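Okay, my_file-v3.txt now, which holds compact mmCIF, C-alpha atoms:
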```
# COMPACT_ATOMS: atom_id res chain seq x y z
CA MET A 19 0.00 0.00 0.00
CA LYS A 20 1.11 3.57 -0.75
CA LEU A 21 1.28 5.80 2.34
CA GLY A 22 1.72 9.54 2.72
CA ILE A 23 3.05 11.00 5.98
CA LEU A 24 2.38 14.54 7.24
CA ILE A 25 4.40 16.02 10.13
CA ASN A 26 3.20 19.30 11.66
CA GLU A 27 5.43 19.55 14.71
CA GLY A 28 9.11 20.25 15.24
CA PRO A 29 11.64 17.84 16.75
CA TYR A 30 12.11 17.51 20.54
CA ASN A 31 8.75 19.14 21.12
CA HIS A 32 6.19 16.53 21.99
CA GLN A 33 6.50 13.29 20.10
CA ALA A 34 5.18 13.82 16.58
CA SER A 35 8.45 13.44 14.67
CA ASP A 36 9.47 10.38 16.73
CA SER A 37 6.05 8.77 16.25
CA ALA A 38 6.12 9.50 12.52
CA TYR A 39 9.64 8.06 12.23
CA GLN A 40 8.73 4.85 14.09
CA PHE A 41 5.55 4.51 12.03
CA THR A 42 7.38 5.07 8.74
CA LYS A 43 10.05 2.53 9.70
CA ALA A 44 7.42 -0.07 10.65
CA ALA A 45 5.51 0.56 7.41
CA LEU A 46 8.67 0.06 5.32
CA GLU A 47 9.50 -3.13 7.24
CA LYS A 48 6.04 -4.41 6.36
CA GLY A 49 6.69 -3.77 2.67
CA HIS A 50 4.52 -0.67 2.24
CA GLU A 51 5.62 2.14 -0.01
CA ILE A 52 6.09 5.62 1.47
CA PHE A 53 4.99 7.95 -1.30
CA ARG A 54 6.19 11.07 0.50
CA VAL A 55 6.88 12.54 3.93
CA PHE A 56 5.70 16.15 4.06
CA PHE A 57 6.94 18.57 6.72
CA TYR A 58 4.57 21.46 7.37
CA ASN A 59 4.23 24.29 9.91
CA ASP A 60 6.76 23.79 12.76
CA GLY A 61 7.47 20.36 11.26
CA VAL A 62 9.91 22.09 8.88
CA ASN A 63 12.32 22.43 11.83
CA ASN A 64 13.03 18.71 11.43
CA ALA A 65 15.00 19.59 8.31
CA THR A 66 17.93 21.59 9.72
CA ARG A 67 21.35 19.95 9.60
CA TYR A 68 22.61 22.38 12.27
CA SER A 69 20.88 20.82 15.27
CA ILE A 70 23.26 19.35 17.85
CA PRO A 71 21.40 17.15 20.34
CA PRO A 72 23.36 15.68 23.30
CA GLN A 73 25.45 12.65 22.30
CA ASP A 74 23.31 10.21 24.30
CA ASP A 75 20.12 11.50 22.66
CA ARG A 76 18.70 10.57 19.28
CA ASN A 77 19.38 12.91 16.39
CA ILE A 78 15.94 13.16 14.80
CA THR A 79 17.06 14.94 11.63
CA GLN A 80 19.86 12.44 11.08
CA GLN A 81 17.44 9.55 11.62
CA TRP A 82 15.27 10.91 8.79
CA THR A 83 18.28 11.47 6.54
CA GLU A 84 19.48 7.91 7.07
CA LEU A 85 16.04 6.41 6.54
CA ALA A 86 15.65 8.48 3.36
CA GLU A 87 19.01 7.29 2.03
CA LYS A 88 18.25 3.66 2.82
CA HIS A 89 14.76 3.62 1.30
CA ASP A 90 14.98 6.46 -1.22
CA LEU A 91 12.30 8.46 0.61
CA ASP A 92 10.97 11.78 -0.65
CA LEU A 93 11.24 14.18 2.32
CA VAL A 94 9.55 17.44 1.35
CA VAL A 95 9.58 20.67 3.35
CA CYS A 96 6.92 23.32 2.76
CA VAL A 97 8.63 26.39 1.29
CA ALA A 98 6.47 29.07 2.93
CA ALA A 99 6.68 27.43 6.36
CA ALA A 100 10.44 26.96 5.88
CA GLN A 101 11.12 30.55 4.87
CA ARG A 102 9.34 31.87 7.95
CA ARG A 103 11.45 29.64 10.17
CA GLY A 104 14.82 30.04 8.46
CA ILE A 105 15.03 26.61 6.85
CA ILE A 106 16.90 27.30 3.62
CA ASP A 107 18.46 25.33 0.77
CA GLU A 108 20.95 26.58 -1.82
CA GLY A 109 18.25 27.77 -4.20
CA GLU A 110 16.42 29.76 -1.53
CA GLN A 111 19.75 31.12 -0.28
CA GLU A 112 20.54 32.58 -3.68
CA ARG A 113 17.02 33.79 -4.38
CA ASN A 114 16.79 35.60 -1.03
CA GLY A 115 20.39 36.83 -0.78
CA LYS A 116 21.19 34.89 2.40
CA ASP A 117 24.73 34.05 3.54
CA GLY A 118 24.17 30.34 4.03
CA ASN A 119 21.81 27.41 4.01
CA ASN A 120 20.97 24.73 6.54
CA ILE A 121 18.86 22.01 4.94
CA ALA A 122 19.86 18.49 5.87
CA PRO A 123 20.75 15.82 3.26
CA GLY A 124 17.74 13.91 1.99
CA PHE A 125 15.29 16.82 2.43
CA ARG A 126 14.07 19.11 -0.35
CA ILE A 127 12.06 22.31 -0.24
CA SER A 128 8.91 22.52 -2.33
CA GLY A 129 5.34 23.76 -2.27
CA LEU A 130 2.09 22.76 -0.63
CA GLY A 131 1.05 21.14 -3.92
CA GLN A 132 3.33 18.27 -2.94
CA LEU A 133 1.10 17.59 0.07
CA ILE A 134 -2.04 17.69 -2.09
CA GLU A 135 -0.41 15.31 -4.55
CA ALA A 136 0.51 12.95 -1.69
CA GLY A 137 -3.12 13.07 -0.54
CA ILE A 138 -4.27 12.11 -4.02
CA GLN A 139 -1.61 9.57 -4.96
CA ALA A 140 -1.25 7.75 -1.64
CA ASP A 141 -3.83 5.22 -0.45
CA ARG A 142 -3.68 6.69 3.07
CA LEU A 143 -2.40 9.94 4.54
CA VAL A 144 -1.28 9.67 8.16
CA THR A 145 -0.89 12.90 10.16
CA PHE A 146 1.41 13.47 13.12
CA GLY A 147 1.55 16.67 15.14
CA ASP A 148 -0.37 18.99 17.41
CA MET B 10 -16.53 3.13 5.05
CA SER B 11 -14.71 2.35 8.24
CA LYS B 12 -12.37 4.96 9.64
CA LEU B 13 -9.35 4.84 11.89
CA HIS B 14 -9.38 7.75 14.33
CA THR B 15 -6.09 8.70 15.95
CA VAL B 16 -5.94 10.61 19.24
CA ASN B 17 -2.52 11.77 20.47
CA LYS B 18 -3.38 14.12 23.34
CA SER B 19 -4.35 13.34 26.92
CA PRO B 20 -8.09 13.70 27.60
CA PHE B 21 -7.06 15.78 30.64
CA GLU B 22 -5.29 18.29 28.41
CA LYS B 23 -7.53 18.54 25.34
CA ASN B 24 -11.05 17.50 24.45
CA SER B 25 -10.01 15.66 21.29
CA LEU B 26 -10.89 12.18 22.61
CA ASP B 27 -14.26 13.50 23.75
CA ALA B 28 -14.90 15.04 20.32
CA CYS B 29 -13.75 11.87 18.59
CA ILE B 30 -16.12 9.69 20.62
CA ARG B 31 -18.98 12.13 20.04
CA LEU B 32 -18.54 12.31 16.28
CA ALA B 33 -17.02 8.99 15.16
CA LYS B 34 -19.38 6.74 13.26
CA GLU B 35 -20.16 3.27 14.53
CA GLY B 36 -17.89 0.55 13.21
CA GLY B 37 -14.78 2.72 13.33
CA ALA B 38 -11.61 2.23 15.35
CA VAL B 39 -9.81 4.61 17.70
CA LEU B 40 -6.05 4.42 18.25
CA LEU B 41 -4.77 6.16 21.37
CA PHE B 42 -1.07 7.03 21.14
CA GLU B 43 1.46 9.51 22.58
CA ASP B 44 -0.28 11.25 25.57
CA GLY B 45 -3.58 9.93 24.21
CA VAL B 46 -2.83 6.61 25.95
CA TYR B 47 -4.08 8.10 29.23
CA GLY B 48 -7.58 7.87 27.75
CA ALA B 49 -7.33 4.07 27.86
CA THR B 50 -6.77 3.81 31.63
CA LYS B 51 -9.18 2.73 34.34
CA GLY B 52 -10.63 4.95 37.06
CA THR B 53 -10.49 8.35 35.39
CA VAL B 54 -13.22 10.90 34.75
CA ILE B 55 -13.42 9.78 31.12
CA SER B 56 -13.22 5.98 31.70
CA ASP B 57 -17.00 5.45 31.69
CA LYS B 58 -17.39 7.44 28.50
CA VAL B 59 -14.70 5.39 26.72
CA THR B 60 -16.19 2.12 27.95
CA ALA B 61 -19.64 3.20 26.74
CA ALA B 62 -18.18 4.12 23.35
CA MET B 63 -16.83 0.59 22.93
CA LYS B 64 -20.33 -0.47 21.88
CA GLY B 65 -19.77 1.13 18.50
CA LEU B 66 -16.00 1.66 18.28
CA THR B 67 -12.96 -0.57 18.75
CA PHE B 68 -10.24 0.96 20.93
CA TYR B 69 -6.53 0.37 20.51
CA VAL B 70 -3.59 1.73 22.46
CA LEU B 71 0.02 1.98 21.27
CA GLY B 72 2.05 -0.31 23.56
CA PRO B 73 5.41 1.52 23.41
CA ASP B 74 3.77 4.87 24.32
CA MET B 75 1.82 3.21 27.13
CA LYS B 76 4.96 1.59 28.58
CA ALA B 77 6.94 4.85 28.23
CA ARG B 78 4.39 6.41 30.60
CA GLY B 79 4.50 3.58 33.12
CA ILE B 80 1.02 2.30 32.35
CA ARG B 81 0.65 -1.45 32.92
CA ASP B 82 -1.70 -3.80 31.05
CA ASP B 83 -3.82 -4.27 34.20
CA GLN B 84 -4.46 -0.51 34.35
CA LEU B 85 -6.11 -0.53 30.93
CA LEU B 86 -9.86 -0.48 30.47
CA ASP B 87 -11.28 -3.90 29.63
CA GLY B 88 -11.65 -4.29 25.88
CA VAL B 89 -8.76 -2.02 24.85
CA LYS B 90 -6.33 -3.81 22.55
CA VAL B 91 -2.61 -3.15 22.70
CA VAL B 92 -0.70 -2.80 19.40
CA ASP B 93 2.91 -2.02 18.48
CA TYR B 94 4.01 0.23 15.58
CA GLY B 95 3.51 -2.68 13.16
CA GLY B 96 -0.04 -2.99 14.49
CA PHE B 97 -0.50 0.77 13.96
CA VAL B 98 0.53 0.30 10.32
CA ASP B 99 -1.92 -2.62 9.95
CA LEU B 100 -4.75 -0.50 11.40
CA VAL B 101 -4.01 2.22 8.84
CA ALA B 102 -4.00 -0.33 6.01
CA ASP B 103 -7.16 -2.11 7.22
CA HIS B 104 -9.33 1.03 7.37
CA ASP B 105 -10.51 3.16 4.46
CA ASN B 106 -8.94 6.34 5.81
CA VAL B 107 -7.34 7.93 8.84
CA GLN B 108 -8.85 10.82 10.78
CA PRO B 109 -6.40 12.53 13.15
CA TRP B 110 -7.94 14.35 16.11
CA LEU B 111 -5.28 16.95 16.81
```
Would you put the structure from the file into structure tokens?
Amino acid sequence: MKLGILINEGPYNHQASDSAYQFTKAALEKGHEIFRVFFYNDGVNNATRYSIPPQDDRNITQQWTELAEKHDLDLVVCVAAAQRRGIIDEGEQERNGKDGNNIAPGFRISGLGQLIEAGIQADRLVTFGD
Amino acid sequence: MSKLHTVNKSPFEKNSLDACIRLAKEGGAVLLFEDGVYGATKGTVISDKVTAAMKGLTFYVLGPDMKARGIRDDQLLDGVKVVDYGGFVDLVADHDNVQPWL
């Protein structure tokens, strides 16, 4: 089955990103296809490669990056939500004249249409967040 | 059309479980996860309401989230089924769609 995942909450906040990660991992282990993981609202904060959690804590962003590499996942960050919160890739850096970018490997910035498409193309859309 | 309803907040923090029970159609399932697991415990102000709702809805609780909060199996309301993340995935696949109560 094709599944879409929506994450509306940042990392280390409540549990949304952890729950979504565990769910996505379990779904892949069961042979389901993850059509897309969409990060919206504060969920875009999952996409920064500059977070430095304590060494004995999980690194949520890195977990997503590794899962994406292993299973060729499409991790999409909402552009408007990202711009508000300072989540920037090379393209946005150039377009907005910023001095750097911070998006983590495996993530890409795109529009809300990608969420709509996931809603249409996937058999189920599962939402995590507040 | 049978729906899976997901509730991730404690019933003592938000009214999402209450709203879910009030509006969910008979034949659906409710998965309590994250702080929502408190809604599956015995002896609370919402216990009777959840038990009454079991006539029309099947209740599940996510085991790892329950254990993370120190809730034992014997503290769960009778009739609540415990699932792991794999069981969560199966519930999503076995229902026509998923309604999150945020």
Test item: chain A residues at most 8 Å from chain B, counting only C-alpha atoms, as a VMD selection string: chain A and resid 19 33 37 40 to 41 44 to 45 48 142 to 148
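Rounded to one decimal, atom CA of B:Val59 and atom CA of B:Leu71 lie 16.1 Å from each other.
Each of A:Ile52, A:Ala65, A:Cys96, A:Ile121 was checked against A:Trp82 using only C-alpha atoms; the smallest atom-to-atom distance is that of A:Ala65.
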Env of B:Glu35: 10 Å cut, atoms = all atoms listed in the file, seq-sep filter 4 positions within chain, self excluded. Answer as a PDB file with C-alpha atoms, keeping the file's coordinate frame.
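Writing done, so here's selection.pdb:
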```pdb
ATOM      1  CA  SER B  11     -14.710   2.350   8.240  1.00  0.00           C
ATOM      2  CA  LYS B  12     -12.370   4.960   9.640  1.00  0.00           C
ATOM      3  CA  ILE B  30     -16.120   9.690  20.620  1.00  0.00           C
ATOM      4  CA  ALA B  62     -18.180   4.120  23.350  1.00  0.00           C
ATOM      5  CA  MET B  63     -16.830   0.590  22.930  1.00  0.00           C
ATOM      6  CA  LYS B  64     -20.330  -0.470  21.880  1.00  0.00           C
ATOM      7  CA  GLY B  65     -19.770   1.130  18.500  1.00  0.00           C
ATOM      8  CA  LEU B  66     -16.000   1.660  18.280  1.00  0.00           C
ATOM      9  CA  THR B  67     -12.960  -0.570  18.750  1.00  0.00           C
TER      10      THR B  67
END
```
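As for atom CA of B:Val39 and atom CA of B:Tyr69, they are spaced 6.1 Å apart.
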Rounded to one decimal place, report the atom CA of A:Gln80-atom CA of A:Val62 distance in Å.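 According to the coordinates, atom CA of A:Gln80 and atom CA of A:Val62 are separated by 14.0 Å.
Using only C-alpha atoms for every distance, the candidate list B:Val70, B:Ala49, B:Met75, B:Ile55 yields B:Val70 as the residue closest to B:Val91.
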